[in-house]
Structure formats: structure tokens, C-alpha cells
Amino acid sequence: MLSLLSGITFAGVFLANRLPKANPQQASFLGCLLHVFLLPFFVTDPAVKKFNRVEWIAVALMGIFLGLAYTAFSRGIRATSALSASLICTVEPILNPVWVFLILGEKPSTLAIIGACIVITTVTYYNVVSVQKKNEEVK
């Protein structure tokens with residue numbers, strides 16, 4: 001249920017940011033601020049209490065880089081259509097298994113590879129067709 005709700009609200013981000021006077025950076029900030037409600041669960045987790053200095057540094061670095069990614073995303077979403085932004089964002093989770101494979105050597109399953117190929121092909125096709133249509137309109 002949480003995954004379904006997450007998908008629906010994420011789609012709403014793209015649609016809401018196309019509204020007049022919408023500010024994607026403020027929306028991203030508010031979304032990140034809402035994560036404060038998850039903080040009690042994080043700090044009371046027994047595994048977190050066992051973190052050493054390196055793990056805390058890793059958590060801090062992930063927070064910094066995610067913040068920078070949200071800032072870049074918020075700026076970039078203004079220059080793309082809602083559909084394009086949604087499709088491009090779909091590629092990011094597809095690439096996660098690639099990074100895990102390259103860094104940790106964990107091989108993705110055959111179905112994961114097939115699914116990734118389908119999504120990447122669809123995104124590529126959509127963007128190629130969009131560029132061709134824009135070029136035809138300019139002529």
C-alpha cells in the first residue's frame with residue numbers, strides 16, 4: 001500500500017509542478033522536511049545504535065548528495081514536460097542494480113535485466129520521437 005501511495009504522490013509531483021506559480025524547489029524542501037517524522041524510527045533502531053564513525057559519515061554524505069540531487073531535479077523539472085520528467089526519473093531506479101553490480105559484484109536476475117531493457121528502450125524511444133516532432137514543428 002505504501003508503494004502504491006508513493007507512486008501516486010510521485011506522479012502528483014510532476015503534475016503539480018506544471019501549475020502556474022509552482023515552485024519545485026519549495027515542494028522538494030517540504031517533502032524532505034516531512035521525513036523528520038521518520039526520525040524517531042531511525043534513531044531507535046537497534047542496528048543504528050551500533051553504527052561506527054564510518055557508517056555515520058556515509059549516512060551524512062548520502063544526505064548531502066541526495067540534497068544536491070533534489071536541488072538539481074527541482075531546477076530541471078521546470079524545463080521538461082511532466083511525462084518526460086517522469087520517464088527520465090524512471091531510469092534512476094533501473095540503474096541502481098548496475099551500480100550495485102559494479103561496486104559490490106552482485107549480479108541482477110534475468111527478469112531485472114529484461115525489465116531494465118524494456119524501460120530504457122521505452123524512455124529512449126519516447127525521447128527520440130519527441131525530438132523528431134519538435135524538429136518537424138520548427139520546420
# chains A, B, ... in the order shown; residues from 1 in each chain; ligands from 1
$ select_by_dssp --residues "segment 1-137 of chain A" --states "alpha helix (DSSP H)" --output "CSV table (one decimal) with N, CA and C atoms, in the first residue's frame"
chain,number,residue,atom,x,y,z
A,2,LEU,N,2.0,1.2,0.8
A,2,LEU,CA,2.9,2.4,0.8
A,2,LEU,C,3.5,2.6,-0.6
A,3,SER,N,3.9,1.5,-1.2
A,3,SER,CA,4.5,1.7,-2.6
A,3,SER,C,3.5,2.3,-3.6
A,4,LEU,N,2.2,1.9,-3.5
A,4,LEU,CA,1.2,2.4,-4.4
A,4,LEU,C,1.0,3.9,-4.1
A,5,LEU,N,0.9,4.2,-2.8
A,5,LEU,CA,0.7,5.6,-2.4
A,5,LEU,C,1.9,6.5,-2.8
A,6,SER,N,3.1,5.9,-2.7
A,6,SER,CA,4.3,6.6,-3.1
A,6,SER,C,4.3,6.9,-4.6
A,7,GLY,N,3.9,5.9,-5.3
A,7,GLY,CA,3.8,6.1,-6.8
A,7,GLY,C,2.8,7.2,-7.2
A,8,ILE,N,1.7,7.2,-6.5
A,8,ILE,CA,0.6,8.2,-6.8
A,8,ILE,C,1.1,9.6,-6.5
A,9,THR,N,1.7,9.7,-5.3
A,9,THR,CA,2.1,11.0,-4.9
A,9,THR,C,3.3,11.5,-5.7
A,10,PHE,N,4.1,10.6,-6.2
A,10,PHE,CA,5.3,11.0,-7.0
A,10,PHE,C,4.8,11.5,-8.4
A,11,ALA,N,3.7,10.8,-8.9
A,11,ALA,CA,3.1,11.3,-10.1
A,11,ALA,C,2.5,12.7,-9.9
A,12,GLY,N,1.9,12.9,-8.8
A,12,GLY,CA,1.4,14.2,-8.4
A,12,GLY,C,2.4,15.3,-8.4
A,13,VAL,N,3.7,15.0,-8.1
A,13,VAL,CA,4.8,16.0,-8.1
A,13,VAL,C,4.9,16.5,-9.5
A,14,PHE,N,4.9,15.7,-10.5
A,14,PHE,CA,5.2,16.1,-11.9
A,14,PHE,C,4.0,17.0,-12.4
A,15,LEU,N,2.8,16.6,-12.0
A,15,LEU,CA,1.6,17.3,-12.4
A,15,LEU,C,1.5,18.7,-11.7
A,16,ALA,N,1.8,18.7,-10.4
A,16,ALA,CA,1.7,19.9,-9.6
A,16,ALA,C,2.7,20.9,-10.0
A,24,PRO,N,9.1,24.1,-7.7
A,24,PRO,CA,9.6,22.7,-7.4
A,24,PRO,C,10.6,22.7,-6.3
A,25,GLN,N,11.4,23.7,-6.1
A,25,GLN,CA,12.4,23.7,-5.0
A,25,GLN,C,11.7,23.7,-3.6
A,26,GLN,N,10.6,24.5,-3.5
A,26,GLN,CA,9.9,24.6,-2.3
A,26,GLN,C,9.2,23.2,-2.0
A,27,ALA,N,8.6,22.6,-3.1
A,27,ALA,CA,8.0,21.4,-2.9
A,27,ALA,C,8.9,20.3,-2.5
A,28,SER,N,10.1,20.2,-3.1
A,28,SER,CA,11.1,19.3,-2.7
A,28,SER,C,11.6,19.5,-1.2
A,29,PHE,N,11.8,20.7,-0.9
A,29,PHE,CA,12.2,21.0,0.5
A,29,PHE,C,11.1,20.5,1.5
A,30,LEU,N,9.8,20.8,1.2
A,30,LEU,CA,8.7,20.4,2.1
A,30,LEU,C,8.7,18.9,2.2
A,31,GLY,N,8.9,18.2,1.0
A,31,GLY,CA,8.9,16.7,1.0
A,31,GLY,C,10.0,16.2,1.9
A,32,CYS,N,11.2,16.8,1.8
A,32,CYS,CA,12.3,16.3,2.6
A,32,CYS,C,12.1,16.6,4.1
A,33,LEU,N,11.5,17.8,4.4
A,33,LEU,CA,11.2,18.2,5.7
A,33,LEU,C,10.2,17.2,6.4
A,39,LEU,N,12.3,10.2,11.7
A,39,LEU,CA,13.5,10.2,12.5
A,39,LEU,C,13.4,9.4,13.8
A,40,PRO,N,12.2,9.4,14.5
A,40,PRO,CA,12.2,8.6,15.8
A,40,PRO,C,12.4,7.1,15.5
A,41,PHE,N,11.9,6.6,14.3
A,41,PHE,CA,12.1,5.2,14.0
A,41,PHE,C,13.6,4.9,13.6
A,42,PHE,N,14.2,5.9,13.1
A,42,PHE,CA,15.6,5.7,12.7
A,42,PHE,C,16.5,5.7,13.9
A,43,VAL,N,16.4,6.6,14.8
A,43,VAL,CA,17.3,6.7,16.0
A,43,VAL,C,17.0,5.6,17.0
A,46,PRO,N,17.8,-0.6,16.7
A,46,PRO,CA,19.0,-1.2,17.3
A,46,PRO,C,20.2,-1.2,16.4
A,47,ALA,N,20.0,-1.5,15.1
A,47,ALA,CA,21.1,-1.5,14.2
A,47,ALA,C,21.8,-0.2,14.1
A,48,VAL,N,21.0,0.9,14.1
A,48,VAL,CA,21.6,2.3,14.0
A,48,VAL,C,22.4,2.6,15.2
A,49,LYS,N,22.0,2.1,16.4
A,49,LYS,CA,22.8,2.4,17.6
A,49,LYS,C,24.2,1.8,17.5
A,53,ARG,N,31.8,5.3,13.3
A,53,ARG,CA,32.1,6.6,12.7
A,53,ARG,C,32.0,6.6,11.2
A,54,VAL,N,32.5,5.6,10.5
A,54,VAL,CA,32.5,5.5,9.1
A,54,VAL,C,31.0,5.4,8.6
A,55,GLU,N,30.2,4.6,9.3
A,55,GLU,CA,28.8,4.5,8.8
A,55,GLU,C,28.0,5.8,9.0
A,56,TRP,N,28.3,6.6,10.1
A,56,TRP,CA,27.7,7.9,10.3
A,56,TRP,C,28.2,8.8,9.2
A,57,ILE,N,29.4,8.8,8.8
A,57,ILE,CA,29.9,9.6,7.7
A,57,ILE,C,29.2,9.3,6.4
A,58,ALA,N,29.0,8.0,6.2
A,58,ALA,CA,28.4,7.5,5.0
A,58,ALA,C,26.9,8.0,4.9
A,59,VAL,N,26.2,8.0,6.1
A,59,VAL,CA,24.9,8.5,6.1
A,59,VAL,C,24.8,10.0,5.9
A,60,ALA,N,25.8,10.7,6.4
A,60,ALA,CA,25.8,12.2,6.2
A,60,ALA,C,26.1,12.5,4.8
A,61,LEU,N,27.0,11.8,4.1
A,61,LEU,CA,27.4,12.0,2.7
A,61,LEU,C,26.2,11.7,1.8
A,62,MET,N,25.5,10.6,2.1
A,62,MET,CA,24.3,10.3,1.3
A,62,MET,C,23.2,11.4,1.5
A,63,GLY,N,23.1,12.0,2.7
A,63,GLY,CA,22.2,13.1,2.8
A,63,GLY,C,22.6,14.3,2.0
A,64,ILE,N,23.8,14.6,2.0
A,64,ILE,CA,24.3,15.7,1.3
A,64,ILE,C,24.1,15.5,-0.2
A,65,PHE,N,24.5,14.4,-0.7
A,65,PHE,CA,24.4,14.1,-2.2
A,65,PHE,C,22.9,14.0,-2.6
A,66,LEU,N,22.0,13.5,-1.7
A,66,LEU,CA,20.6,13.5,-2.0
A,66,LEU,C,20.0,14.9,-2.1
A,67,GLY,N,20.5,15.7,-1.2
A,67,GLY,CA,20.1,17.1,-1.2
A,67,GLY,C,20.5,17.8,-2.5
A,68,LEU,N,21.7,17.6,-2.9
A,68,LEU,CA,22.2,18.1,-4.2
A,68,LEU,C,21.4,17.6,-5.4
A,69,ALA,N,21.0,16.3,-5.3
A,69,ALA,CA,20.3,15.7,-6.4
A,69,ALA,C,18.9,16.3,-6.4
A,70,TYR,N,18.2,16.5,-5.3
A,70,TYR,CA,16.9,17.1,-5.2
A,70,TYR,C,16.9,18.5,-5.8
A,71,THR,N,18.0,19.3,-5.5
A,71,THR,CA,18.1,20.6,-6.0
A,71,THR,C,18.2,20.6,-7.5
A,72,ALA,N,19.1,19.7,-8.0
A,72,ALA,CA,19.2,19.6,-9.5
A,72,ALA,C,17.9,19.2,-10.1
A,73,PHE,N,17.2,18.2,-9.5
A,73,PHE,CA,15.9,17.8,-10.0
A,73,PHE,C,14.9,18.9,-10.0
A,74,SER,N,14.9,19.6,-9.0
A,74,SER,CA,13.9,20.7,-8.9
A,74,SER,C,14.1,21.8,-9.9
A,75,ARG,N,15.3,22.0,-10.3
A,75,ARG,CA,15.6,23.0,-11.3
A,75,ARG,C,15.3,22.5,-12.7
A,76,GLY,N,15.7,21.2,-12.9
A,76,GLY,CA,15.5,20.6,-14.2
A,76,GLY,C,14.1,20.3,-14.6
A,82,ALA,N,5.9,17.1,-17.9
A,82,ALA,CA,5.6,16.2,-16.8
A,82,ALA,C,5.9,14.7,-17.3
A,83,LEU,N,5.5,14.4,-18.5
A,83,LEU,CA,5.7,13.0,-18.9
A,83,LEU,C,7.2,12.7,-19.1
A,84,SER,N,7.9,13.6,-19.7
A,84,SER,CA,9.4,13.4,-19.9
A,84,SER,C,10.1,13.3,-18.6
A,85,ALA,N,9.8,14.2,-17.6
A,85,ALA,CA,10.4,14.1,-16.3
A,85,ALA,C,10.1,12.8,-15.6
A,86,SER,N,8.9,12.3,-15.7
A,86,SER,CA,8.5,11.1,-15.1
A,86,SER,C,9.3,9.9,-15.8
A,87,LEU,N,9.4,9.9,-17.1
A,87,LEU,CA,10.1,8.8,-17.8
A,87,LEU,C,11.6,8.8,-17.5
A,88,ILE,N,12.2,10.0,-17.4
A,88,ILE,CA,13.6,10.1,-17.2
A,88,ILE,C,13.9,9.7,-15.7
A,89,CYS,N,13.0,10.0,-14.8
A,89,CYS,CA,13.2,9.6,-13.4
A,89,CYS,C,13.0,8.1,-13.2
A,90,THR,N,12.4,7.5,-14.2
A,90,THR,CA,12.2,6.0,-14.1
A,90,THR,C,13.5,5.3,-14.3
A,91,VAL,N,14.4,5.9,-15.1
A,91,VAL,CA,15.7,5.3,-15.4
A,91,VAL,C,16.6,5.2,-14.1
A,92,GLU,N,16.4,6.1,-13.2
A,92,GLU,CA,17.3,6.1,-12.0
A,92,GLU,C,17.2,4.8,-11.2
A,93,PRO,N,16.0,4.4,-10.8
A,93,PRO,CA,16.0,3.1,-10.0
A,93,PRO,C,16.4,1.9,-10.8
A,94,ILE,N,16.3,2.0,-12.2
A,94,ILE,CA,16.7,0.9,-13.0
A,94,ILE,C,18.2,0.8,-13.0
A,95,LEU,N,18.9,1.9,-12.8
A,95,LEU,CA,20.4,1.9,-12.8
A,95,LEU,C,20.9,1.5,-11.4
A,96,ASN,N,20.1,1.4,-10.4
A,96,ASN,CA,20.6,1.0,-9.1
A,96,ASN,C,21.3,-0.3,-9.1
A,97,PRO,N,20.7,-1.4,-9.7
A,97,PRO,CA,21.3,-2.7,-9.8
A,97,PRO,C,22.7,-2.6,-10.6
A,98,VAL,N,22.8,-1.7,-11.5
A,98,VAL,CA,24.0,-1.6,-12.2
A,98,VAL,C,25.1,-1.1,-11.3
A,99,TRP,N,24.8,-0.1,-10.5
A,99,TRP,CA,25.8,0.4,-9.5
A,99,TRP,C,26.2,-0.7,-8.5
A,100,VAL,N,25.2,-1.4,-8.0
A,100,VAL,CA,25.4,-2.5,-7.1
A,100,VAL,C,26.3,-3.5,-7.7
A,101,PHE,N,26.1,-3.9,-9.0
A,101,PHE,CA,26.9,-4.9,-9.7
A,101,PHE,C,28.4,-4.3,-9.8
A,102,LEU,N,28.5,-3.1,-10.2
A,102,LEU,CA,29.8,-2.5,-10.4
A,102,LEU,C,30.6,-2.4,-9.1
A,103,ILE,N,29.9,-2.0,-8.0
A,103,ILE,CA,30.6,-1.8,-6.8
A,103,ILE,C,30.8,-3.0,-5.9
A,104,LEU,N,29.7,-3.8,-5.8
A,104,LEU,CA,29.7,-5.0,-4.9
A,104,LEU,C,29.8,-6.3,-5.7
A,110,THR,N,17.8,-12.3,-14.3
A,110,THR,CA,17.4,-12.2,-15.7
A,110,THR,C,16.2,-11.3,-15.9
A,111,LEU,N,15.2,-11.5,-15.0
A,111,LEU,CA,14.0,-10.6,-15.1
A,111,LEU,C,14.3,-9.2,-14.8
A,112,ALA,N,15.2,-8.9,-13.9
A,112,ALA,CA,15.6,-7.5,-13.7
A,112,ALA,C,16.3,-6.9,-14.9
A,113,ILE,N,17.1,-7.7,-15.6
A,113,ILE,CA,17.7,-7.2,-16.8
A,113,ILE,C,16.7,-6.9,-17.9
A,114,ILE,N,15.8,-7.9,-18.1
A,114,ILE,CA,14.7,-7.7,-19.1
A,114,ILE,C,13.9,-6.5,-18.8
A,115,GLY,N,13.5,-6.3,-17.5
A,115,GLY,CA,12.7,-5.1,-17.2
A,115,GLY,C,13.4,-3.8,-17.4
A,116,ALA,N,14.7,-3.8,-17.1
A,116,ALA,CA,15.5,-2.6,-17.3
A,116,ALA,C,15.6,-2.3,-18.8
A,117,CYS,N,15.8,-3.3,-19.6
A,117,CYS,CA,15.9,-3.1,-21.0
A,117,CYS,C,14.6,-2.5,-21.6
A,118,ILE,N,13.4,-3.0,-21.1
A,118,ILE,CA,12.1,-2.5,-21.5
A,118,ILE,C,12.0,-1.0,-21.2
A,119,VAL,N,12.3,-0.7,-19.9
A,119,VAL,CA,12.1,0.7,-19.5
A,119,VAL,C,13.1,1.6,-20.3
A,120,ILE,N,14.3,1.2,-20.4
A,120,ILE,CA,15.3,2.1,-21.1
A,120,ILE,C,15.0,2.3,-22.5
A,121,THR,N,14.5,1.2,-23.2
A,121,THR,CA,14.1,1.3,-24.6
A,121,THR,C,12.9,2.2,-24.7
A,122,THR,N,11.9,2.1,-23.8
A,122,THR,CA,10.7,2.9,-23.9
A,122,THR,C,11.1,4.4,-23.7
A,123,VAL,N,11.9,4.7,-22.7
A,123,VAL,CA,12.3,6.1,-22.5
A,123,VAL,C,13.1,6.6,-23.7
A,124,THR,N,14.0,5.9,-24.2
A,124,THR,CA,14.8,6.3,-25.3
A,124,THR,C,13.9,6.6,-26.5
A,125,TYR,N,13.0,5.6,-26.8
A,125,TYR,CA,12.1,5.8,-28.0
A,125,TYR,C,11.2,7.0,-27.8
A,126,TYR,N,10.6,7.2,-26.6
A,126,TYR,CA,9.8,8.4,-26.4
A,126,TYR,C,10.5,9.7,-26.6
A,127,ASN,N,11.8,9.7,-26.1
A,127,ASN,CA,12.5,11.0,-26.2
A,127,ASN,C,13.0,11.2,-27.7
A,128,VAL,N,13.3,10.2,-28.4
A,128,VAL,CA,13.7,10.3,-29.8
A,128,VAL,C,12.5,10.8,-30.6
A,129,VAL,N,11.3,10.2,-30.4
A,129,VAL,CA,10.1,10.7,-31.1
A,129,VAL,C,9.7,12.1,-30.7
A,130,SER,N,9.9,12.5,-29.5
A,130,SER,CA,9.6,13.9,-29.0
A,130,SER,C,10.5,14.9,-29.8
A,131,VAL,N,11.8,14.5,-29.9
A,131,VAL,CA,12.7,15.4,-30.5
A,131,VAL,C,12.4,15.5,-32.0
A,132,GLN,N,12.0,14.4,-32.6
A,132,GLN,CA,11.7,14.5,-34.0
A,132,GLN,C,10.4,15.3,-34.3
A,133,LYS,N,9.5,15.2,-33.4
A,133,LYS,CA,8.2,16.0,-33.5
A,133,LYS,C,8.5,17.5,-33.4
A,134,LYS,N,9.4,17.8,-32.4
A,134,LYS,CA,9.8,19.2,-32.2
A,134,LYS,C,10.5,19.8,-33.4
A,135,ASN,N,11.4,19.0,-34.0
A,135,ASN,CA,12.1,19.4,-35.2
A,135,ASN,C,11.2,19.6,-36.4
A,136,GLU,N,10.2,18.8,-36.5
A,136,GLU,CA,9.2,18.9,-37.6
A,136,GLU,C,8.4,20.2,-37.4
A,137,GLU,N,8.0,20.5,-36.2
A,137,GLU,CA,7.3,21.7,-35.9
A,137,GLU,C,8.1,23.0,-36.2
$ atom_distance --atom1 "atom CA of Ser81 of chain A" --atom2 "atom CA of Val138 of chain A"
17.9 Å
$ atom_distance --atom1 "atom CA of Lys50 of chain A" --atom2 "atom CA of Gly105 of chain A"
25.7 Å
$ atom_distance --atom1 "atom CA of Asn17 of chain A" --atom2 "atom CA of Ile77 of chain A"
7.7 Å
